[in-house]
file my_file.csv (CSV, C-alpha atoms)
chain,number,residue,atom,x,y,z
A,1134,MET,CA,-3.4,19.3,-18.6
A,1135,ALA,CA,-6.6,17.7,-19.9
A,1136,PRO,CA,-8.7,16.2,-17.1
A,1137,LEU,CA,-10.8,13.2,-18.1
A,1138,THR,CA,-14.5,13.9,-17.9
A,1139,LYS,CA,-15.6,10.5,-19.0
A,1140,THR,CA,-18.4,8.8,-17.0
A,1141,PHE,CA,-19.9,5.3,-16.8
A,1142,LYS,CA,-23.6,4.7,-16.7
A,1143,LEU,CA,-24.8,2.6,-13.8
A,1144,ASN,CA,-27.8,0.3,-13.7
A,1145,THR,CA,-29.7,3.1,-12.0
A,1146,GLY,CA,-29.2,5.5,-14.9
A,1147,ALA,CA,-26.8,7.6,-12.8
A,1148,GLU,CA,-23.4,8.4,-14.3
A,1149,ILE,CA,-20.2,7.9,-12.2
A,1150,PRO,CA,-17.1,9.8,-13.2
A,1151,ALA,CA,-14.4,7.5,-14.5
A,1152,VAL,CA,-11.6,8.9,-12.2
A,1153,GLY,CA,-12.1,9.6,-8.5
A,1154,LEU,CA,-9.8,10.6,-5.7
A,1155,GLY,CA,-9.3,7.7,-3.3
A,1156,THR,CA,-8.6,8.6,0.3
A,1157,TRP,CA,-7.8,5.2,1.8
A,1158,GLN,CA,-4.6,5.4,3.8
A,1159,SER,CA,-5.0,9.1,4.0
A,1160,PRO,CA,-5.7,9.5,7.7
A,1161,PRO,CA,-6.9,12.7,9.4
A,1162,GLY,CA,-4.3,14.9,10.9
A,1163,GLN,CA,-1.6,14.3,8.3
A,1164,VAL,CA,0.7,17.2,7.8
A,1165,GLU,CA,-1.2,20.4,7.1
A,1166,LYS,CA,-4.5,18.7,6.8
A,1167,ALA,CA,-3.4,16.8,3.8
A,1168,VAL,CA,-6.7,15.0,3.1
A,1169,GLU,CA,-8.7,18.2,3.2
A,1170,LYS,CA,-6.2,19.9,0.9
A,1171,ALA,CA,-6.1,16.9,-1.4
A,1172,VAL,CA,-9.8,16.9,-1.9
A,1173,GLU,CA,-9.8,20.7,-2.5
A,1174,VAL,CA,-6.9,20.4,-5.0
A,1175,ALA,CA,-8.5,17.5,-6.8
A,1176,LEU,CA,-11.9,19.2,-7.3
A,1177,ARG,CA,-10.2,22.4,-8.5
A,1178,ALA,CA,-8.1,20.3,-10.9
A,1179,GLY,CA,-11.3,18.8,-12.5
A,1180,TYR,CA,-12.1,15.8,-10.4
A,1181,ARG,CA,-15.8,15.3,-9.8
A,1182,HIS,CA,-15.6,12.0,-7.9
A,1183,ILE,CA,-14.4,11.6,-4.3
A,1184,ASP,CA,-14.3,8.3,-2.5
A,1185,THR,CA,-14.1,7.9,1.3
A,1186,ALA,CA,-15.4,5.6,4.0
A,1187,TYR,CA,-16.4,5.8,7.6
A,1188,ALA,CA,-13.5,3.3,8.4
A,1189,TYR,CA,-10.9,5.7,6.9
A,1190,GLY,CA,-11.6,8.1,9.7
A,1191,ASN,CA,-11.4,11.1,7.4
A,1192,GLU,CA,-15.0,11.9,6.4
A,1193,LYS,CA,-14.9,15.2,8.2
A,1194,GLU,CA,-11.7,16.3,6.3
A,1195,VAL,CA,-13.2,15.2,3.0
A,1196,GLY,CA,-16.3,17.3,3.8
A,1197,LYS,CA,-14.2,20.3,4.6
A,1198,GLY,CA,-12.2,19.9,1.4
A,1199,ILE,CA,-15.4,19.8,-0.7
A,1200,LYS,CA,-16.5,23.1,0.9
A,1201,ALA,CA,-13.2,24.7,0.4
A,1202,SER,CA,-13.0,23.8,-3.3
A,1203,GLY,CA,-16.0,26.1,-4.2
A,1204,VAL,CA,-17.3,23.4,-6.5
A,1205,PRO,CA,-21.1,23.0,-6.0
A,1206,ARG,CA,-22.1,19.9,-4.1
A,1207,GLU,CA,-24.4,18.8,-6.9
A,1208,LYS,CA,-21.5,18.7,-9.3
A,1209,ILE,CA,-19.6,16.2,-7.2
A,1210,TRP,CA,-20.0,12.4,-7.0
A,1211,LEU,CA,-19.4,11.5,-3.4
A,1212,THR,CA,-19.0,7.9,-2.2
A,1213,THR,CA,-18.7,6.6,1.4
A,1214,LYS,CA,-19.1,3.2,3.0
A,1215,LEU,CA,-20.8,1.3,5.8
A,1216,ASP,CA,-18.3,0.0,8.3
A,1217,ASN,CA,-18.3,-3.7,9.3
A,1218,ASP,CA,-19.5,-3.2,12.9
A,1219,TRP,CA,-22.4,-1.0,11.8
A,1220,HIS,CA,-24.3,-3.6,9.8
A,1221,LYS,CA,-27.1,-3.8,12.3
A,1222,HIS,CA,-27.3,0.0,12.5
A,1223,VAL,CA,-27.5,1.1,8.9
A,1224,ALA,CA,-29.8,4.1,9.4
A,1225,GLU,CA,-27.7,5.4,12.2
A,1226,ALA,CA,-24.5,4.8,10.2
A,1227,ILE,CA,-25.6,6.8,7.2
A,1228,ASP,CA,-26.7,9.7,9.5
A,1229,THR,CA,-23.3,9.6,11.2
A,1230,SER,CA,-21.4,9.7,7.8
A,1231,LEU,CA,-23.6,12.5,6.5
A,1232,LYS,CA,-22.9,14.6,9.6
A,1233,ASN,CA,-19.2,14.0,9.3
A,1234,LEU,CA,-19.3,14.9,5.6
A,1235,ASP,CA,-21.5,17.9,6.3
A,1236,THR,CA,-23.8,17.0,3.3
A,1237,PRO,CA,-27.5,16.0,3.1
A,1238,TYR,CA,-26.8,13.0,0.8
A,1239,VAL,CA,-24.2,10.8,-0.8
A,1240,ASP,CA,-24.2,9.7,-4.4
A,1241,LEU,CA,-23.1,6.2,-3.6
A,1242,TYR,CA,-23.3,4.2,-0.3
A,1243,LEU,CA,-21.3,1.0,-0.3
A,1244,MET,CA,-21.3,-2.0,2.1
A,1245,HIS,CA,-17.5,-1.9,2.7
A,1246,TRP,CA,-17.0,-5.6,3.3
A,1247,PRO,CA,-19.4,-8.6,3.3
A,1248,ALA,CA,-18.6,-9.1,7.0
A,1249,SER,CA,-21.1,-8.3,9.7
A,1250,LEU,CA,-19.0,-7.8,12.8
A,1251,ASP,CA,-20.4,-7.8,16.3
A,1252,LYS,CA,-20.2,-4.2,17.6
A,1253,GLN,CA,-19.5,-5.6,21.1
A,1254,ASN,CA,-16.8,-7.9,19.9
A,1255,PRO,CA,-15.4,-6.9,16.5
A,1256,LYS,CA,-13.3,-10.1,16.3
A,1257,GLN,CA,-16.5,-12.1,15.8
A,1258,VAL,CA,-19.3,-12.0,13.3
A,1259,TYR,CA,-23.0,-12.1,14.4
A,1260,ASN,CA,-24.6,-15.5,14.5
A,1261,ASP,CA,-28.0,-14.1,13.7
A,1262,TRP,CA,-27.1,-11.6,10.9
A,1263,ASP,CA,-25.1,-11.5,7.7
A,1264,PHE,CA,-24.6,-9.2,4.7
A,1265,VAL,CA,-27.9,-10.3,3.1
A,1266,ASP,CA,-29.7,-8.7,6.2
A,1267,THR,CA,-27.5,-5.7,5.8
A,1268,TRP,CA,-28.4,-5.2,2.2
A,1269,ARG,CA,-32.1,-5.5,3.1
A,1270,GLU,CA,-31.7,-2.5,5.4
A,1271,MET,CA,-29.5,-0.6,2.9
A,1272,GLN,CA,-32.2,-0.8,0.2
A,1273,LYS,CA,-34.5,1.2,2.5
A,1274,LEU,CA,-32.2,4.1,2.4
A,1275,LEU,CA,-33.1,4.9,-1.2
A,1276,ASP,CA,-36.5,6.2,-0.1
A,1277,THR,CA,-34.9,8.6,2.4
A,1278,GLY,CA,-33.1,10.8,-0.1
A,1279,LYS,CA,-29.9,10.3,1.9
A,1280,VAL,CA,-28.3,8.1,-0.7
A,1281,LYS,CA,-28.8,8.2,-4.5
A,1282,ASN,CA,-27.3,4.8,-5.2
A,1283,ILE,CA,-26.2,1.7,-3.2
A,1284,GLY,CA,-23.6,-0.9,-3.9
A,1285,VAL,CA,-21.1,-3.2,-2.3
A,1286,SER,CA,-17.3,-3.6,-2.0
A,1287,ASN,CA,-15.0,-6.5,-1.8
A,1288,PHE,CA,-17.6,-9.0,-3.0
A,1289,GLY,CA,-16.4,-12.0,-4.9
A,1290,VAL,CA,-18.6,-14.2,-7.1
A,1291,LYS,CA,-19.7,-16.5,-4.3
A,1292,ASN,CA,-20.9,-13.8,-2.0
A,1293,MET,CA,-22.5,-11.8,-4.9
A,1294,GLU,CA,-24.4,-14.9,-5.9
A,1295,LYS,CA,-25.7,-15.4,-2.4
A,1296,LEU,CA,-26.7,-11.7,-2.2
A,1297,LEU,CA,-28.5,-11.7,-5.6
A,1298,SER,CA,-30.3,-14.9,-5.0
A,1299,ALA,CA,-31.7,-13.9,-1.6
A,1300,GLU,CA,-35.4,-13.3,-1.4
A,1301,SER,CA,-35.0,-10.0,0.3
A,1302,THR,CA,-32.8,-8.6,-2.4
A,1303,LYS,CA,-35.0,-6.4,-4.6
A,1304,ILE,CA,-32.3,-4.1,-5.9
A,1305,VAL,CA,-29.1,-5.2,-7.7
A,1306,PRO,CA,-26.0,-3.3,-6.4
A,1307,ALA,CA,-25.1,-0.5,-8.7
A,1308,VAL,CA,-21.4,-0.9,-8.0
A,1309,ASN,CA,-18.9,-3.5,-6.7
A,1310,GLN,CA,-15.8,-1.7,-5.6
A,1311,ILE,CA,-12.8,-4.1,-5.7
A,1312,GLU,CA,-9.1,-4.1,-6.0
A,1313,LEU,CA,-8.2,-3.8,-9.6
A,1314,HIS,CA,-4.7,-3.3,-11.2
A,1315,PRO,CA,-2.6,-5.3,-13.6
A,1316,GLY,CA,-1.2,-7.4,-10.8
A,1317,ASN,CA,-4.8,-8.3,-9.7
A,1318,PRO,CA,-7.0,-7.8,-12.8
A,1319,SER,CA,-9.8,-10.2,-11.6
A,1320,PRO,CA,-11.2,-10.9,-15.1
A,1321,ASN,CA,-13.6,-13.6,-13.9
A,1322,LEU,CA,-15.1,-11.3,-11.2
A,1323,VAL,CA,-15.3,-8.3,-13.6
A,1324,LYS,CA,-17.0,-10.5,-16.2
A,1325,TYR,CA,-19.5,-11.8,-13.7
A,1326,CYS,CA,-20.4,-8.3,-12.4
A,1327,THR,CA,-20.7,-7.0,-15.9
A,1328,SER,CA,-23.1,-9.9,-16.8
A,1329,LYS,CA,-25.3,-8.7,-13.9
A,1330,GLY,CA,-25.2,-5.1,-14.8
A,1331,ILE,CA,-23.0,-4.2,-11.9
A,1332,HIS,CA,-20.3,-1.6,-12.5
A,1333,CYS,CA,-16.8,-2.3,-11.1
A,1334,SER,CA,-14.9,0.4,-9.5
A,1335,GLY,CA,-11.2,-0.2,-8.9
A,1336,TYR,CA,-9.4,0.7,-5.7
A,1337,SER,CA,-5.6,0.6,-5.5
A,1338,PRO,CA,-5.4,1.0,-9.3
A,1339,LEU,CA,-1.7,1.8,-9.0
A,1340,GLY,CA,-0.9,-1.2,-6.9
A,1341,SER,CA,-0.9,1.0,-3.8
A,1342,SER,CA,2.2,2.7,-2.2
A,1343,ASP,CA,5.6,1.5,-3.5
A,1344,SER,CA,3.9,-0.5,-6.2
A,1345,PRO,CA,6.1,-3.1,-7.8
A,1346,LEU,CA,4.3,-2.2,-11.1
A,1347,TYR,CA,6.3,1.1,-11.3
A,1348,SER,CA,9.5,-0.7,-12.0
A,1349,LEU,CA,8.3,-3.1,-14.7
A,1350,ASP,CA,10.2,-2.5,-18.0
A,1351,SER,CA,7.1,-3.4,-20.1
A,1352,LEU,CA,5.1,-0.6,-18.5
A,1353,ALA,CA,7.9,1.8,-18.6
A,1354,LYS,CA,8.4,1.2,-22.3
A,1355,ILE,CA,4.7,1.9,-23.0
A,1356,ALA,CA,4.8,5.0,-20.8
A,1357,GLY,CA,7.9,6.3,-22.6
A,1358,SER,CA,6.4,5.8,-26.0
A,1359,LYS,CA,3.4,7.9,-24.9
A,1360,GLY,CA,5.3,10.6,-23.0
A,1361,ARG,CA,3.4,9.6,-19.9
A,1362,SER,CA,4.1,8.2,-16.5
A,1363,VAL,CA,3.6,4.6,-15.6
A,1364,GLN,CA,0.9,5.7,-13.2
A,1365,GLN,CA,-1.0,7.3,-16.0
A,1366,ILE,CA,-0.7,4.2,-18.1
A,1367,LEU,CA,-2.1,2.1,-15.2
A,1368,LEU,CA,-5.1,4.4,-14.9
A,1369,GLN,CA,-5.8,4.7,-18.6
A,1370,TRP,CA,-5.7,0.8,-18.8
A,1371,GLY,CA,-8.4,0.6,-16.1
A,1372,VAL,CA,-10.6,3.2,-17.7
A,1373,GLN,CA,-10.3,1.6,-21.1
A,1374,LYS,CA,-11.1,-1.8,-19.5
A,1375,GLY,CA,-14.4,-0.4,-18.4
A,1376,TRP,CA,-14.1,0.4,-14.8
A,1377,SER,CA,-13.8,3.6,-12.8
A,1378,VAL,CA,-10.5,4.1,-11.0
A,1379,LEU,CA,-9.7,5.6,-7.6
A,1380,PRO,CA,-6.1,6.7,-7.3
A,1381,LYS,CA,-5.0,8.0,-4.0
A,1382,SER,CA,-2.5,10.8,-3.5
A,1383,VAL,CA,-2.1,13.8,-1.2
A,1384,THR,CA,0.5,15.4,-3.5
A,1385,GLU,CA,-0.8,18.2,-5.7
A,1386,GLU,CA,1.3,17.4,-8.8
A,1387,ARG,CA,0.4,13.7,-8.7
A,1388,ILE,CA,-3.3,14.4,-8.1
A,1389,LYS,CA,-3.4,16.5,-11.2
A,1390,ALA,CA,-1.4,14.0,-13.3
A,1391,ASN,CA,-3.7,11.2,-12.3
A,1392,ILE,CA,-6.6,12.7,-14.1
A,1393,ASP,CA,-4.7,14.0,-17.1
A,1394,LEU,CA,-6.0,11.1,-19.2
A,1395,ASP,CA,-8.0,12.9,-21.9
A,1396,GLY,CA,-6.8,13.2,-25.5
A,1397,TRP,CA,-4.7,10.0,-25.6
A,1398,SER,CA,-5.3,6.3,-25.3
A,1399,LEU,CA,-3.7,2.9,-25.3
A,1400,THR,CA,-3.8,0.7,-28.3
A,1401,ASP,CA,-5.4,-2.7,-28.2
A,1402,GLU,CA,-2.0,-4.3,-28.4
A,1403,GLU,CA,-0.8,-2.2,-25.4
A,1404,ILE,CA,-3.8,-3.2,-23.4
A,1405,ALA,CA,-3.3,-6.8,-24.2
A,1406,GLN,CA,0.3,-6.5,-23.1
A,1407,ILE,CA,-0.7,-5.0,-19.8
A,1408,ASP,CA,-3.3,-7.7,-19.4
A,1409,GLU,CA,-0.4,-10.2,-19.2
A,1410,VAL,CA,1.4,-8.6,-16.3
A,1411,HIS,CA,-0.3,-10.7,-13.6
A,1412,LYS,CA,1.2,-13.9,-15.1
A,1413,THR,CA,4.6,-12.8,-13.8
A,1414,HIS,CA,3.7,-10.2,-11.2
A,1415,SER,CA,0.6,-11.3,-9.4
A,1416,PHE,CA,-0.1,-9.7,-6.1
A,1417,LYS,CA,-3.0,-8.4,-3.9
A,1418,VAL,CA,-2.8,-5.3,-1.8
A,1419,CYS,CA,-5.8,-6.0,0.5
A,1420,GLY,CA,-6.5,-9.5,1.8
A,1421,ASP,CA,-9.0,-10.9,4.3
A,1422,SER,CA,-6.7,-12.4,7.0
A,1423,TRP,CA,-7.6,-9.5,9.4
A,1424,LEU,CA,-11.2,-10.4,9.3
A,1425,PRO,CA,-12.9,-13.3,11.4
A,1426,VAL,CA,-14.6,-14.5,8.2
A,1427,LYS,CA,-13.2,-15.5,4.8
A,1428,ILE,CA,-14.1,-13.1,2.0
A,1429,PHE,CA,-12.0,-14.1,-0.9
A,1430,PHE,CA,-12.3,-17.7,-2.2
A,1431,GLY,CA,-9.6,-17.9,-4.8
A,1432,PRO,CA,-9.8,-18.9,-8.4
A,1433,GLY,CA,-13.1,-18.3,-10.0
A,1434,ASP,CA,-14.3,-16.1,-7.2
A,1435,SER,CA,-12.2,-13.0,-6.8
A,1436,ASP,CA,-9.7,-13.5,-9.6
call {"tool": "encode", "arguments": {"input": "my_file.csv", "output": "structure tokens"}}
result
Amino acid sequence: MAPLTKTFKLNTGAEIPAVGLGTWQSPPGQVEKAVEKAVEVALRAGYRHIDTAYAYGNEKEVGKGIKASGVPREKIWLTTKLDNDWHKHVAEAIDTSLKNLDTPYVDLYLMHWPASLDKQNPKQVYNDWDFVDTWREMQKLLDTGKVKNIGVSNFGVKNMEKLLSAESTKIVPAVNQIELHPGNPSPNLVKYCTSKGIHCSGYSPLGSSDSPLYSLDSLAKIAGSKGRSVQQILLQWGVQKGWSVLPKSVTEERIKANIDLDGWSLTDEEIAQIDEVHKTHSFKVCGDSWLPVKIFFGPGDSD
């Protein structure tokens, strides 16, 4: 196995590892502390990037997995996220996450969604506060040493333009973590972020659980020609397109396979072929219907 050690340089000068272990949909208390074990296995297998969030409810398990791995904290890129109903309590939120993770700092702190939900009534947004105000408070964290970089997640072009044009925005987000896979490649959004110096990080890079991408003949043919799995093809595609990828697994064999991307690559023709997948198999894993405010505005915004 050849774990990929490639990194991408952010607008802060920091380097984010190209492959990270995603932990969304890996709740605490799974069989035999699966999240904790997955993090430990991943780090021992060569991963140096772990992605979690307060909303996942597994920060404590992630922290324990990091400790159990024996890998020094300074060798690991650790990302967590501000939850929607903590937007008015940014300083308290980061302290809570750091306590859960049992670490003095995170390498990247993201605003999970551009939705400032009322803590007393999470089915409503505040009428006197929005994500621009939240970002103003997040910028202050950089002087505390508790976060090394700040960014956003699930921002389309419309919301990103609102954020970047705000008078209080002094710092351009280092990262926009968004759903990225061949069924939802979002070329317009990726191009926009790139033009602003914002790195895109892709969640659900495999199309999530029971992905329809696994059964596509076109991807299976490419995988067969490389002696690789379809999952590895999907991850390599993302990395070669220029974004970091965050595959989630709690299975040791798959965790190791997902970072076995070094020493081989896709041709330009193969990448172009995969780029076409969304024309016949377009789908989005994570929408915004569960939120009281619209986040994704369709063509030209989040596609």
call {"tool": "residues_around", "arguments": {"input": "my_file.csv", "residues": "region 1209-1220 of chain A", "least_positions_apart": "3", "cutoff": "6 Å", "atoms": "all atoms listed in the file", "output": "compact mmCIF listing (two decimals) with C-alpha atoms, keeping the file's coordinate frame"}}
result
# COMPACT_ATOMS: atom_id res chain seq x y z
CA ARG A 1181 -15.80 15.30 -9.80
CA HIS A 1182 -15.60 12.00 -7.90
CA ILE A 1183 -14.40 11.60 -4.30
CA ASP A 1184 -14.30 8.30 -2.50
CA THR A 1185 -14.10 7.90 1.30
CA ALA A 1186 -15.40 5.60 4.00
CA TYR A 1187 -16.40 5.80 7.60
CA ALA A 1188 -13.50 3.30 8.40
CA ARG A 1206 -22.10 19.90 -4.10
CA VAL A 1223 -27.50 1.10 8.90
CA VAL A 1239 -24.20 10.80 -0.80
CA ASP A 1240 -24.20 9.70 -4.40
CA LEU A 1241 -23.10 6.20 -3.60
CA TYR A 1242 -23.30 4.20 -0.30
CA LEU A 1243 -21.30 1.00 -0.30
CA MET A 1244 -21.30 -2.00 2.10
CA HIS A 1245 -17.50 -1.90 2.70
CA ALA A 1248 -18.60 -9.10 7.00
CA SER A 1249 -21.10 -8.30 9.70
CA LEU A 1250 -19.00 -7.80 12.80
CA ASP A 1251 -20.40 -7.80 16.30
CA LYS A 1252 -20.20 -4.20 17.60
CA THR A 1267 -27.50 -5.70 5.80
call {"tool": "atom_distance", "arguments": {"input": "my_file.csv", "atom1": "CA of His1411 (chain A)", "atom2": "CA of Gly1340 (chain A)"}}
result
11.6 Å
call {"tool": "residues_near_point", "arguments": {"input": "my_file.csv", "point": "(-30.4, 4.4, -11.3)", "cutoff": "8 Å", "atoms": "only C-alpha atoms", "output": "short mmCIF file (atom, residue, chain, number, x, y, z; two decimals) with C-alpha atoms, in the frame of the given file"}}
result
data_model
loop_
_atom_site.label_atom_id
_atom_site.label_comp_id
_atom_site.auth_asym_id
_atom_site.auth_seq_id
_atom_site.Cartn_x
_atom_site.Cartn_y
_atom_site.Cartn_z
CA LEU A 1143 -24.80 2.60 -13.80
CA ASN A 1144 -27.80 0.30 -13.70
CA THR A 1145 -29.70 3.10 -12.00
CA GLY A 1146 -29.20 5.50 -14.90
CA ALA A 1147 -26.80 7.60 -12.80
CA LYS A 1281 -28.80 8.20 -4.50
CA ASN A 1282 -27.30 4.80 -5.20
CA ALA A 1307 -25.10 -0.50 -8.70
#
call {"tool": "closest_residue", "arguments": {"input": "my_file.csv", "among": "A:Tyr1238, A:Tyr1347, A:Trp1397, A:Trp1370", "to": "Leu1275 (chain A)", "atoms": "all atoms listed in the file"}}
result
A:Tyr1238
call {"tool": "closest_residue", "arguments": {"input": "my_file.csv", "among": "A:Gly1203, A:Glu1173, A:Lys1197, A:Pro1247", "to": "Leu1424 (chain A)", "atoms": "all atoms listed in the file"}}
result
A:Pro1247
call {"tool": "closest_residue", "arguments": {"input": "my_file.csv", "among": "A:Val1168, A:Leu1296, A:Ala1390, A:Val1410", "to": "Asp1266 (chain A)", "atoms": "only C-alpha atoms"}}
result
A:Leu1296
call {"tool": "residues_around", "arguments": {"input": "my_file.csv", "residues": "Val1290 (chain A)", "least_positions_apart": "3", "cutoff": "12 Å", "atoms": "all atoms listed in the file", "output": "PDB file with C-alpha atoms, in the frame of the given file"}}
result
ATOM      1  CA  PRO A1247     -19.400  -8.600   3.300  1.00  0.00           C
ATOM      2  CA  SER A1286     -17.300  -3.600  -2.000  1.00  0.00           C
ATOM      3  CA  ASN A1287     -15.000  -6.500  -1.800  1.00  0.00           C
ATOM      4  CA  MET A1293     -22.500 -11.800  -4.900  1.00  0.00           C
ATOM      5  CA  GLU A1294     -24.400 -14.900  -5.900  1.00  0.00           C
ATOM      6  CA  LYS A1295     -25.700 -15.400  -2.400  1.00  0.00           C
ATOM      7  CA  LEU A1296     -26.700 -11.700  -2.200  1.00  0.00           C
ATOM      8  CA  LEU A1297     -28.500 -11.700  -5.600  1.00  0.00           C
ATOM      9  CA  SER A1298     -30.300 -14.900  -5.000  1.00  0.00           C
ATOM     10  CA  ASN A1309     -18.900  -3.500  -6.700  1.00  0.00           C
ATOM     11  CA  ILE A1311     -12.800  -4.100  -5.700  1.00  0.00           C
ATOM     12  CA  SER A1319      -9.800 -10.200 -11.600  1.00  0.00           C
ATOM     13  CA  PRO A1320     -11.200 -10.900 -15.100  1.00  0.00           C
ATOM     14  CA  ASN A1321     -13.600 -13.600 -13.900  1.00  0.00           C
ATOM     15  CA  LEU A1322     -15.100 -11.300 -11.200  1.00  0.00           C
ATOM     16  CA  VAL A1323     -15.300  -8.300 -13.600  1.00  0.00           C
ATOM     17  CA  LYS A1324     -17.000 -10.500 -16.200  1.00  0.00           C
ATOM     18  CA  TYR A1325     -19.500 -11.800 -13.700  1.00  0.00           C
ATOM     19  CA  CYS A1326     -20.400  -8.300 -12.400  1.00  0.00           C
ATOM     20  CA  THR A1327     -20.700  -7.000 -15.900  1.00  0.00           C
ATOM     21  CA  SER A1328     -23.100  -9.900 -16.800  1.00  0.00           C
ATOM     22  CA  LYS A1329     -25.300  -8.700 -13.900  1.00  0.00           C
ATOM     23  CA  ILE A1331     -23.000  -4.200 -11.900  1.00  0.00           C
ATOM     24  CA  ILE A1428     -14.100 -13.100   2.000  1.00  0.00           C
ATOM     25  CA  PHE A1429     -12.000 -14.100  -0.900  1.00  0.00           C
ATOM     26  CA  PHE A1430     -12.300 -17.700  -2.200  1.00  0.00           C
ATOM     27  CA  GLY A1431      -9.600 -17.900  -4.800  1.00  0.00           C
ATOM     28  CA  PRO A1432      -9.800 -18.900  -8.400  1.00  0.00           C
ATOM     29  CA  GLY A1433     -13.100 -18.300 -10.000  1.00  0.00           C
ATOM     30  CA  ASP A1434     -14.300 -16.100  -7.200  1.00  0.00           C
ATOM     31  CA  SER A1435     -12.200 -13.000  -6.800  1.00  0.00           C
ATOM     32  CA  ASP A1436      -9.700 -13.500  -9.600  1.00  0.00           C
TER      33      ASP A1436
END
call {"tool": "atom_distance", "arguments": {"input": "my_file.csv", "atom1": "CA of Glu1402 (chain A)", "atom2": "CA of Ser1358 (chain A)"}}
result
13.4 Å
call {"tool": "residues_around", "arguments": {"input": "my_file.csv", "residues": "Ile1149 (chain A)", "least_positions_apart": "6", "cutoff": "7 Å", "atoms": "all atoms listed in the file", "output": "list in words"}}
result
Thr1140, Phe1141, Lys1142 and Trp1210 of chain A
call {"tool": "decode", "arguments": {"input": "my_file.csv", "residues": "region 1136-1148 of chain A", "atoms": "N, CA, C and O atoms", "output": "tab-separated table (two decimals), in the first residue's frame"}}
result
chain	number	residue	atom	x	y	z
A	1136	PRO	N	0.25	5.06	0.79
A	1136	PRO	CA	-0.63	6.15	1.20
A	1136	PRO	C	-0.22	7.47	0.55
A	1136	PRO	O	0.97	7.80	0.47
A	1137	LEU	N	-1.20	8.21	0.08
A	1137	LEU	CA	-0.94	9.48	-0.58
A	1137	LEU	C	-0.55	10.52	0.45
A	1137	LEU	O	-1.24	10.72	1.45
A	1138	THR	N	0.57	11.21	0.22
A	1138	THR	CA	1.04	12.23	1.15
A	1138	THR	C	0.89	13.64	0.57
A	1138	THR	O	1.35	14.61	1.17
A	1139	LYS	N	0.26	13.75	-0.56
A	1139	LYS	CA	0.07	15.03	-1.24
A	1139	LYS	C	-0.70	16.01	-0.35
A	1139	LYS	O	-1.58	15.62	0.43
A	1140	THR	N	-0.35	17.29	-0.46
A	1140	THR	CA	-1.07	18.34	0.25
A	1140	THR	C	-1.45	19.45	-0.72
A	1140	THR	O	-0.89	19.55	-1.82
A	1141	PHE	N	-2.38	20.28	-0.30
A	1141	PHE	CA	-2.75	21.48	-1.06
A	1141	PHE	C	-2.45	22.70	-0.20
A	1141	PHE	O	-2.78	22.72	0.99
A	1142	LYS	N	-1.83	23.71	-0.80
A	1142	LYS	CA	-1.49	24.92	-0.06
A	1142	LYS	C	-2.69	25.86	-0.02
A	1142	LYS	O	-3.30	26.16	-1.04
A	1143	LEU	N	-3.04	26.31	1.17
A	1143	LEU	CA	-4.17	27.22	1.37
A	1143	LEU	C	-3.72	28.67	1.23
A	1143	LEU	O	-2.52	28.97	1.18
A	1144	ASN	N	-4.67	29.59	1.21
A	1144	ASN	CA	-4.33	31.01	1.09
A	1144	ASN	C	-3.64	31.57	2.33
A	1144	ASN	O	-3.17	32.71	2.33
A	1145	THR	N	-3.56	30.76	3.37
A	1145	THR	CA	-2.84	31.15	4.59
A	1145	THR	C	-1.39	30.68	4.56
A	1145	THR	O	-0.60	31.02	5.44
A	1146	GLY	N	-1.06	29.84	3.58
A	1146	GLY	CA	0.27	29.23	3.52
A	1146	GLY	C	0.30	27.85	4.14
A	1146	GLY	O	1.25	27.09	3.93
A	1147	ALA	N	-0.75	27.51	4.89
A	1147	ALA	CA	-0.83	26.17	5.50
A	1147	ALA	C	-1.08	25.13	4.43
A	1147	ALA	O	-1.62	25.44	3.36
A	1148	GLU	N	-0.68	23.89	4.70
A	1148	GLU	CA	-0.87	22.81	3.73
A	1148	GLU	C	-1.81	21.75	4.29
A	1148	GLU	O	-1.53	21.13	5.31
